[in-house]
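Engineer: This is the structure I have questions about; it appears just below.
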Amino acid sequence: MNLDTEKITRDMQDIVRCKTVSYRDESRIDRSEFNKLHALIEERFPHLYNVAKPLHIGKTGLLFHIAGSGGNNFCTCAVLMAHYDVVPANESEWSKPPFDAVIENGVLWGRGTLDTKGTFCAILESVEQKLSENWRPSCELYLSFSGEEEIDGESCPEIVRWFEKQGIRPDFVLDEGGAIVENAFPGVKGKCAMIGIAEKGGVNVDCSIESIGGHASAPPKHSAAGLIALAACALERASYKAQLTRPVKEMLATLAPKKKTLFEIAFKLFGKNIGGEVNAMTHTTCAITRLSGSDAYNVLPPKASLGMNVRLLGSDTIESMLAHMKHAVRRIEKKTGATFSFHVVNGMNPSIVSDTHCVQWENLKLIINKTWRGVVVSPYLMMACSDSRHYCHISNNVYRFSAMFMSKEDRMLIHGNDERIRLSILFETVQFYGNLLEAL
């Protein structure tokens, strides 16, 4: 596919300039910026809008349908996904303004360039160009975009419910996830394409305790803040059992076939001590992320609380997690007479594991190798959560792959300061989607 790199660059800049920032507090969201983006893509992608007017679903969902000419040997119904909302950016900490889309030395700076306005733009560009060449897919093709993925919003679940009401079950879904990476595994040379075939469950949980409060001049043995601190320590110590899930086993079989058994034993026995990603691949993790008590130094808090982000693995569920947490603080309750309350703010159990023994998986591997010659394609377990988890209700073939090369430094920029993308990488992403569309 011959790319119009000037158009792609200009479109990507203007997409980044739309400040589609998501906040959990609705009053902080500037809906005019979302409307601005909607108007922009209608203007820049006229062939798509002529063929498929989008359905507006939920607050921010956009669903395009391009009718197929008949099934092929890839799939009968495909969904290409991305989200166009972004997390906030502290502009004072950026080297360049996060929404100015500055280009310097072939690098485009801006919030969302990696997560995921890059893939959002690439999908639109590839579809627009193919439609301008009178291309049509063989399968039914849907483009599914949400503007509230970063806040676990309802737009994507509502899109999935629309599919359910229509009786449509996609047999190929592609969303953000793994990327083309180097040094993916000890002893593996060259580049690997890491495709998420499952993701851990994500749960936000509050733990709180109430007390009488009062003046700090005559404190009890333990204030509510002191007790919640004891609970925080107990919850951090209460590790979850080690598990080797199918995505991890398949990843080891792909990347280290001769040492698969050795790595499986090491991961299961020592994963917690190894820490980092290995620990996260083999355990449910619990991170204490919020603490609150009194607003004044000399006032005992009548209530103290902590917030946790839990990533559930394998057979662990929200129900078993709560039982595990209550057991972790039971000794403190018996010793002090305190009573801790737990409240699940929101969350989901781990996703299903997608199929890797099917034509969809094999064709995806072929398309990746057509775009990036010689890369090793491997399944893996996603630690983060994506909108694609909602599609697991209606499809067994949900794959999570951000179609671009990302260095370790690039991956650290996601949700961080100075997020940016090399234009050459963006053009490769457009080419990948072009190759994918030709197969559909």
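Residue numbers start at 1 in each chain; chains themselves are named A, B, ... in the order of the structure tokens; ligands are numbered from 1 in the order shown.
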Which residues are close to Asp171 in chain A, i.e. within 12 Å by only C-alpha atoms, leaving aside same-chain residues fewer than 3 positions away? Reply as a PDB file with C-alpha atoms, in the first residue's frame.

Structural biologist:
```pdb
ATOM      1  CA  GLY A  71     -16.953 -14.832   3.971  1.00  0.00           C
ATOM      2  CA  ASN A  72     -13.302 -15.675   3.498  1.00  0.00           C
ATOM      3  CA  ASN A  73     -10.838 -18.096   5.063  1.00  0.00           C
ATOM      4  CA  PHE A  74      -9.846 -15.541   7.690  1.00  0.00           C
ATOM      5  CA  CYS A  75     -13.102 -14.721   9.449  1.00  0.00           C
ATOM      6  CA  THR A  76     -16.746 -13.867   8.847  1.00  0.00           C
ATOM      7  CA  CYS A  77     -16.932 -10.811  11.124  1.00  0.00           C
ATOM      8  CA  ALA A  78     -14.006  -8.657  12.257  1.00  0.00           C
ATOM      9  CA  VAL A  79     -13.796  -5.803  14.777  1.00  0.00           C
ATOM     10  CA  LEU A  80     -10.872  -3.365  14.801  1.00  0.00           C
ATOM     11  CA  CYS A 139     -16.073 -10.289   5.833  1.00  0.00           C
ATOM     12  CA  GLU A 140     -18.340  -7.993   7.801  1.00  0.00           C
ATOM     13  CA  LEU A 141     -16.030  -5.293   9.169  1.00  0.00           C
ATOM     14  CA  TYR A 142     -16.677  -3.094  12.185  1.00  0.00           C
ATOM     15  CA  ILE A 168     -23.652 -10.746  16.003  1.00  0.00           C
ATOM     16  CA  LEU A 174      -8.131  -6.736  17.527  1.00  0.00           C
ATOM     17  CA  SER A 354      -8.450 -16.564  23.343  1.00  0.00           C
ATOM     18  CA  ASP A 355      -7.837 -19.353  20.858  1.00  0.00           C
ATOM     19  CA  CYS A 358      -7.385 -21.362  14.770  1.00  0.00           C
ATOM     20  CA  VAL A 359      -7.187 -19.749  11.343  1.00  0.00           C
ATOM     21  CA  GLN A 360      -7.588 -16.259  12.841  1.00  0.00           C
ATOM     22  CA  TRP A 361      -4.424 -16.646  14.927  1.00  0.00           C
ATOM     23  CA  TYR A 391     -15.786  -8.467  23.703  1.00  0.00           C
ATOM     24  CA  CYS A 392     -14.899 -11.727  25.456  1.00  0.00           C
ATOM     25  CA  HIS A 393     -18.647 -12.060  26.135  1.00  0.00           C
ATOM     26  CA  ILE A 394     -19.276 -12.521  22.414  1.00  0.00           C
ATOM     27  CA  SER A 395     -16.008 -13.788  20.912  1.00  0.00           C
ATOM     28  CA  ASN A 396     -13.369 -16.416  21.615  1.00  0.00           C
ATOM     29  CA  ASN A 397     -10.865 -14.720  19.317  1.00  0.00           C
ATOM     30  CA  VAL A 398      -9.952 -11.437  21.004  1.00  0.00           C
ATOM     31  CA  TYR A 399      -6.345 -10.391  20.395  1.00  0.00           C
ATOM     32  CA  LEU A 440     -10.165  -9.408   5.347  1.00  0.00           C
TER      33      LEU A 440
END
```

Engineer: Give me the residues within 7 Å of Ala225 in chain A as a ChimeraX atom specification, counting only C-alpha atoms and dropping any in the same chain fewer than 2 places off.

Structural biologist: /A:223,227-229,293,301,304

Engineer: Please identify all polymer residues within 9 Å of Leu143 in chain A, counting only C-alpha atoms, omitting same-chain residues fewer than 4 positions from it, and present them as a ChimeraX atom specification.

Structural biologist: /A:54,62-66,78-82,123-124

Engineer: Only C-alpha atoms, please: the residues just picked out, written as a PDB file, in the first residue's frame.

Structural biologist:
```pdb
ATOM      1  CA  PRO A  54     -21.166   5.723  12.434  1.00  0.00           C
ATOM      2  CA  LEU A  62     -18.458   5.275  17.478  1.00  0.00           C
ATOM      3  CA  LEU A  63     -19.265   2.107  15.541  1.00  0.00           C
ATOM      4  CA  PHE A  64     -18.707   1.921  11.779  1.00  0.00           C
ATOM      5  CA  HIS A  65     -19.962  -1.029   9.736  1.00  0.00           C
ATOM      6  CA  ILE A  66     -18.539  -1.832   6.305  1.00  0.00           C
ATOM      7  CA  ALA A  78     -14.006  -8.657  12.257  1.00  0.00           C
ATOM      8  CA  VAL A  79     -13.796  -5.803  14.777  1.00  0.00           C
ATOM      9  CA  LEU A  80     -10.872  -3.365  14.801  1.00  0.00           C
ATOM     10  CA  MET A  81     -10.695  -1.345  18.003  1.00  0.00           C
ATOM     11  CA  ALA A  82      -8.996   1.703  19.495  1.00  0.00           C
ATOM     12  CA  ILE A 123      -7.021   2.260  11.350  1.00  0.00           C
ATOM     13  CA  LEU A 124      -8.808   5.267   9.884  1.00  0.00           C
TER      14      LEU A 124
END
```

Engineer: Near Val329 in chain A, counting only C-alpha atoms, which residues have an atom at most 9 Å away, once you skip same-chain residues fewer than 2 positions from it, shown as a PyMOL selection string?

Structural biologist: chain A and resi 230-232+234-235+325-327+331-334+340

Engineer: Check range 154-191 of chain A with DSSP on the backbone and list each residue it calls helix (DSSP H, G or I), as a list in words.

Structural biologist: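 Answer for range 154-191 of chain A restricted to helix (DSSP H, G or I) is Ser155, Cys156, Pro157, Glu158, Ile159, Val160, Arg161, Trp162, Phe163, Glu164, Lys165 and Gln166 of chain A.
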
Engineer: For those residues, write C-alpha atoms to a file as a CSV table (one decimal), in the first residue's frame.

Structural biologist:
```csv
chain,number,residue,atom,x,y,z
A,155,SER,CA,-19.4,3.1,25.9
A,156,CYS,CA,-17.6,-0.1,24.9
A,157,PRO,CA,-19.8,-2.3,27.1
A,158,GLU,CA,-22.8,-0.6,25.4
A,159,ILE,CA,-21.3,-1.3,22.0
A,160,VAL,CA,-20.9,-5.0,22.9
A,161,ARG,CA,-24.5,-5.1,24.1
A,162,TRP,CA,-25.5,-3.7,20.7
A,163,PHE,CA,-23.7,-6.6,19.1
A,164,GLU,CA,-25.5,-9.0,21.4
A,165,LYS,CA,-29.0,-7.5,20.6
A,166,GLN,CA,-28.2,-7.9,16.9
```

Engineer: Once DSSP has gone over the backbone, tell me which residues of range 218-429 of chain A are in strand (DSSP E), as a PyMOL selection string.

Structural biologist: chain A and resi 285-292+299-300+303-312+341-347+376-382+398-405+420-422
